[in-house]
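Colleague: Input file: structure_0.cif. Contents: mmCIF, C-alpha atoms and all ligand atoms.
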```
data_work
loop_
_atom_site.label_atom_id
_atom_site.label_comp_id
_atom_site.auth_asym_id
_atom_site.auth_seq_id
_atom_site.Cartn_x
_atom_site.Cartn_y
_atom_site.Cartn_z
CA MET A 1 -29.01 10.89 -15.12
CA SER A 2 -25.33 10.35 -14.71
CA GLU A 3 -23.96 8.18 -11.92
CA MET A 4 -20.55 9.73 -12.33
CA SER A 5 -18.87 10.83 -9.15
CA ASP A 6 -16.23 13.47 -9.03
CA GLU A 7 -14.67 11.84 -5.98
CA ASN A 8 -13.10 8.65 -7.19
CA THR A 9 -13.51 6.21 -10.02
CA THR A 10 -15.82 3.30 -9.25
CA ASN A 11 -15.66 0.00 -11.09
CA ASP A 12 -18.33 -2.67 -11.48
CA ASP A 13 -16.85 -4.81 -8.71
CA GLY A 14 -16.93 -1.88 -6.31
CA ALA A 15 -13.22 -1.27 -6.61
CA ARG A 16 -12.12 2.30 -6.25
CA THR A 17 -9.01 4.11 -7.28
CA TYR A 18 -7.14 5.67 -4.39
CA ALA A 19 -4.33 8.16 -4.69
CA GLY A 20 -1.52 8.12 -2.22
CA GLY A 21 2.11 8.81 -1.62
CA CYS A 22 4.88 9.68 0.77
CA HIS A 23 5.07 12.71 3.04
CA CYS A 24 7.14 15.06 0.91
CA GLY A 25 5.17 14.34 -2.26
CA ALA A 26 8.04 12.94 -4.31
CA VAL A 27 6.44 9.48 -4.43
CA ARG A 28 2.89 9.41 -5.78
CA PHE A 29 0.81 6.43 -6.81
CA GLU A 30 -2.69 5.20 -7.59
CA ILE A 31 -4.10 1.87 -6.53
CA THR A 32 -7.41 0.34 -7.55
CA MET A 33 -8.96 -2.02 -5.04
CA PRO A 34 -12.20 -2.66 -3.18
CA PRO A 35 -12.60 -0.25 -0.26
CA PRO A 36 -10.70 -1.89 2.61
CA ASP A 37 -13.10 -3.36 5.19
CA LYS A 38 -10.25 -4.12 7.59
CA VAL A 39 -6.64 -3.25 8.10
CA PHE A 40 -3.81 -5.69 8.51
CA GLU A 41 -1.24 -5.06 11.18
CA CYS A 42 1.86 -7.09 10.53
CA ASN A 43 4.08 -8.35 13.32
CA CYS A 44 7.27 -8.53 11.28
CA SER A 45 10.20 -6.55 12.60
CA ILE A 46 9.93 -3.66 10.15
CA CYS A 47 6.14 -3.21 10.09
CA ALA A 48 6.01 -3.33 13.88
CA LYS A 49 8.53 -0.53 14.14
CA THR A 50 6.98 1.66 11.47
CA GLY A 51 3.35 1.14 12.55
CA TRP A 52 2.06 0.06 9.18
CA GLN A 53 -1.60 -0.51 8.45
CA LEU A 54 -1.53 -2.76 5.44
CA GLY A 55 -3.68 -3.44 2.49
CA PHE A 56 -2.79 -5.87 -0.27
CA ALA A 57 -3.50 -5.72 -3.98
CA PRO A 58 -2.20 -7.35 -7.17
CA GLN A 59 0.66 -5.41 -8.70
CA ALA A 60 -1.39 -4.82 -11.85
CA SER A 61 -3.77 -2.64 -9.85
CA PHE A 62 -0.95 -0.33 -8.82
CA ARG A 63 0.48 2.58 -10.80
CA LEU A 64 3.49 4.52 -9.65
CA LEU A 65 2.86 8.03 -10.96
CA GLN A 66 6.14 9.59 -9.90
CA GLY A 67 9.10 9.05 -7.64
CA GLU A 68 10.79 5.92 -8.97
CA GLN A 69 14.12 7.79 -8.72
CA GLN A 70 13.37 8.76 -5.13
CA LEU A 71 12.64 5.25 -3.95
CA ARG A 72 15.21 3.43 -1.88
CA ASP A 73 14.99 -0.32 -1.50
CA TYR A 74 15.52 -2.10 1.78
CA GLN A 75 15.60 -5.85 2.05
CA PHE A 76 16.30 -8.16 4.95
CA ASN A 77 15.80 -11.73 6.09
CA LYS A 78 14.86 -13.82 3.02
CA ARG A 79 15.02 -10.74 0.78
CA VAL A 80 11.78 -11.54 -0.99
CA ILE A 81 10.04 -8.25 -0.22
CA HIS A 82 11.16 -4.85 -1.40
CA HIS A 83 10.57 -2.50 1.51
CA LEU A 84 10.62 0.71 -0.47
CA PHE A 85 10.88 4.11 1.12
CA CYS A 86 11.25 7.68 -0.06
CA GLY A 87 14.87 8.82 -0.01
CA THR A 88 13.83 12.34 0.92
CA CYS A 89 11.23 11.94 3.67
CA GLY A 90 11.76 8.29 4.61
CA ILE A 91 8.11 7.28 4.43
CA ARG A 92 7.30 3.70 3.45
CA SER A 93 4.11 4.16 1.46
CA PHE A 94 4.15 0.82 -0.36
CA GLY A 95 6.21 -2.29 -0.96
CA ARG A 96 6.58 -4.92 -3.63
CA GLY A 97 6.73 -8.65 -3.21
CA LEU A 98 5.58 -12.05 -4.41
CA GLY A 99 2.54 -13.82 -3.04
CA HIS A 100 2.40 -17.48 -2.04
CA ASP A 101 1.34 -18.27 -5.60
CA GLY A 102 4.35 -16.43 -7.02
CA ALA A 103 2.26 -13.58 -8.40
CA PRO A 104 3.57 -10.05 -7.87
CA TRP A 105 1.65 -8.05 -5.30
CA ILE A 106 1.73 -4.69 -3.66
CA SER A 107 1.48 -4.00 0.01
CA VAL A 108 0.23 -0.51 0.59
CA ASN A 109 0.35 1.52 3.76
CA LEU A 110 -3.28 2.55 4.19
CA ARG A 111 -2.07 5.48 6.26
CA CYS A 112 -0.55 6.90 3.07
CA LEU A 113 -3.77 7.01 1.02
CA ASP A 114 -5.09 10.53 0.52
CA GLY A 115 -8.06 11.22 2.77
CA PHE A 116 -8.51 7.59 3.79
CA ASP A 117 -9.38 7.09 7.44
CA ALA A 118 -8.77 3.55 8.64
CA SER A 119 -9.37 4.34 12.29
CA GLY A 120 -12.84 2.78 12.39
CA LEU A 121 -11.89 -0.44 10.64
CA PRO A 122 -11.30 -3.76 12.42
CA VAL A 123 -7.69 -4.80 12.73
CA GLN A 124 -6.59 -8.22 11.59
CA ARG A 125 -3.20 -9.46 12.66
CA TYR A 126 -0.91 -10.58 9.89
CA ASP A 127 1.82 -12.98 10.83
CA GLY A 128 4.58 -11.61 8.63
CA ALA A 129 7.17 -12.57 11.22
CA SER A 130 6.64 -16.25 10.40
CA LEU A 131 6.94 -15.92 6.64
ZN ZN A 201 8.98 11.60 0.35
#
```
Could you write out this file's structure as structure tokens?
Ligand SMILES: [Zn+2]
Modeller:
Amino acid sequence: MSEMSDENTTNDDGARTYAGGCHCGAVRFEITMPPPDKVFECNCSICAKTGWQLGFAPQASFRLLQGEQQLRDYQFNKRVIHHLFCGTCGIRSFGRGLGHDGAPWISVNLRCLDGFDASGLPVQRYDGASL
């Protein structure tokens, strides 16, 4: 009997592939990661104002399906993080940066994943303001 699910792809480590994107649909992506068991709320000046609920994943687990042309890049402070947003609808669905180890990573706005409800998950504060 097949264990295949028609919902989402499941890997051996429990990681799932989530689809997401901006509001107008110009920016679409897929990200493969374990189902988030908590959300990060960052206290940096931009995340605080935009109400982000963050998840983090290595950049290799992220695939931008469409919208590279639509993305605008916003950088501030030390200019190490690319705060990308859709030029049409303005939604910040993900960002690109470097981790402490220098490896490229993706921050994803969990609010922008299709059908993902983070409302029941515990919130962990992330001190982005001090980075
Ligand atoms: Zn958009």
Colleague: What are the closest atom pairs, with distances in Å to one decimal, for each residue of chain A lying within 10 Å of ligand ZN 201 (chain A), using all atoms listed in the file, rows by chain and rising residue number, as a tab-separated table?
Modeller:
```
residue	atom	partner	partner_atom	distance
A:Gly21	CA	A:ZN201	ZN	7.7
A:Cys22	CA	A:ZN201	ZN	4.5
A:His23	CA	A:ZN201	ZN	4.9
A:Cys24	CA	A:ZN201	ZN	4.0
A:Gly25	CA	A:ZN201	ZN	5.4
A:Ala26	CA	A:ZN201	ZN	4.9
A:Val27	CA	A:ZN201	ZN	5.8
A:Arg28	CA	A:ZN201	ZN	8.9
A:Gly67	CA	A:ZN201	ZN	8.4
A:Gln70	CA	A:ZN201	ZN	7.6
A:Leu71	CA	A:ZN201	ZN	8.5
A:Phe85	CA	A:ZN201	ZN	7.8
A:Cys86	CA	A:ZN201	ZN	4.5
A:Gly87	CA	A:ZN201	ZN	6.5
A:Thr88	CA	A:ZN201	ZN	4.9
A:Cys89	CA	A:ZN201	ZN	4.0
A:Gly90	CA	A:ZN201	ZN	6.1
A:Ile91	CA	A:ZN201	ZN	6.0
A:Arg92	CA	A:ZN201	ZN	8.7
A:Ser93	CA	A:ZN201	ZN	9.0
```
Colleague: Measuring atom to atom with only C-alpha atoms, identify which of A:Lys38, A:Trp105, A:Cys44, A:Gly99 is nearest to Ala57 of chain A.
Modeller: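 Among A:Lys38, A:Trp105, A:Cys44, A:Gly99, it is A:Trp105 that comes nearest to Ala57 of chain A.
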Colleague: Just want the 8 Å neighbourhood of Asp37 of chain A, counted on all atoms listed in the file, with same-chain residues fewer than 2 positions away dropped. Output as an MDAnalysis selection string.
Modeller: chainID A and resid 35 39 121:122
Colleague: Which of these residues is nearest to Ser61 of chain A, using only C-alpha atoms: A:Ala129, A:Ala15, A:Val123, A:Ala118?
Modeller: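 For Ser61 of chain A, the nearest of the candidates is A:Ala15.
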Colleague: Between A:Gly55, A:Lys78, A:Gly102, A:Leu113, which has the minimum distance to Phe29 of chain A (counting all atoms listed in the file)?
Modeller: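 So, comparing all the options, the nearest one is A:Leu113.
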Colleague: Could you pull the residues within 7 Å of Gly95 of chain A, counting all atoms listed in the file, minus those fewer than 3 positions along the same chain, as a compact mmCIF listing (two decimals) with C-alpha atoms, in the coordinates of the input?
Modeller:
```txt
# COMPACT_ATOMS: atom_id res chain seq x y z
CA HIS A 82 11.16 -4.85 -1.40
CA HIS A 83 10.57 -2.50 1.51
CA LEU A 84 10.62 0.71 -0.47
CA ILE A 106 1.73 -4.69 -3.66
CA SER A 107 1.48 -4.00 0.01
CA VAL A 108 0.23 -0.51 0.59
```
Colleague: Edge lengths and centre in Å to one decimal, as lines of an AutoDock Vina configuration file, of the axis-aligned box that encloses all listed atoms of segment 66-83 of chain A with 6 Å added on every side?
Modeller:
```
center_x = 11.2
center_y = -2.1
center_z = -1.9
size_x = 22.2
size_y = 35.4
size_z = 28.0
```
Colleague: With only C-alpha atoms as the counted atoms, please give the residues lying no more than 12 Å from Cys42 of chain A, apart from itself and same-chain residues fewer than 6 positions off, as a list of chain:residue names.
Modeller: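 Counting only C-alpha atoms, the residues come to A:Ala48, A:Lys49, A:Thr50, A:Gly51, A:Trp52, A:Gln53, A:Leu54, A:Gly55, A:Phe56, A:Ser107, A:Asn109, A:Val123, A:Gln124, A:Arg125, A:Tyr126, A:Asp127, A:Gly128, A:Ala129, A:Ser130, A:Leu131.
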Colleague: Pull C-alpha atoms from the residues just selected and write them as a short mmCIF file (atom, residue, chain, number, x, y, z; two decimals), keeping the file's coordinate frame.
Modeller:
```
data_model
loop_
_atom_site.label_atom_id
_atom_site.label_comp_id
_atom_site.auth_asym_id
_atom_site.auth_seq_id
_atom_site.Cartn_x
_atom_site.Cartn_y
_atom_site.Cartn_z
CA ALA A 48 6.01 -3.33 13.88
CA LYS A 49 8.53 -0.53 14.14
CA THR A 50 6.98 1.66 11.47
CA GLY A 51 3.35 1.14 12.55
CA TRP A 52 2.06 0.06 9.18
CA GLN A 53 -1.60 -0.51 8.45
CA LEU A 54 -1.53 -2.76 5.44
CA GLY A 55 -3.68 -3.44 2.49
CA PHE A 56 -2.79 -5.87 -0.27
CA SER A 107 1.48 -4.00 0.01
CA ASN A 109 0.35 1.52 3.76
CA VAL A 123 -7.69 -4.80 12.73
CA GLN A 124 -6.59 -8.22 11.59
CA ARG A 125 -3.20 -9.46 12.66
CA TYR A 126 -0.91 -10.58 9.89
CA ASP A 127 1.82 -12.98 10.83
CA GLY A 128 4.58 -11.61 8.63
CA ALA A 129 7.17 -12.57 11.22
CA SER A 130 6.64 -16.25 10.40
CA LEU A 131 6.94 -15.92 6.64
#
```
Colleague: Could you jot down the atom CA of Leu64 of chain A to atom CA of Asn43 of chain A separation for me, Å, one decimal place?
Modeller: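 Spanning atom CA of Leu64 of chain A to atom CA of Asn43 of chain A is a straight-line distance of 26.3 Å.
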Colleague: May I ask for the distance between atom CA of Pro58 of chain A and atom CA of Ala103 of chain A, given in Å to one decimal place?
Modeller: 7.8 Å
Colleague: As an exercise, work out the distance from atom CA of Asp13 of chain A to atom CA of Pro34 of chain A in Å and give it to one decimal place.
Modeller: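 Calculated distance between atom CA of Asp13 of chain A and atom CA of Pro34 of chain A is 7.5 Å.
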Colleague: Compare A:Arg79, A:Ser45, A:Phe62, A:Arg16 by their minimum atom-to-atom distance to Phe94 of chain A, counting all atoms listed in the file, and give me the closest one.
Modeller: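 When distances to Phe94 of chain A are compared using all atoms listed in the file, the smallest one comes from A:Phe62.
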Colleague: Restricting the calculation to only C-alpha atoms: of A:Ala60, A:Ile31, A:Ala19, A:Pro36, which residue gets closest to Gly120 of chain A?
Modeller: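 Closest to Gly120 of chain A of all the choices is A:Pro36.
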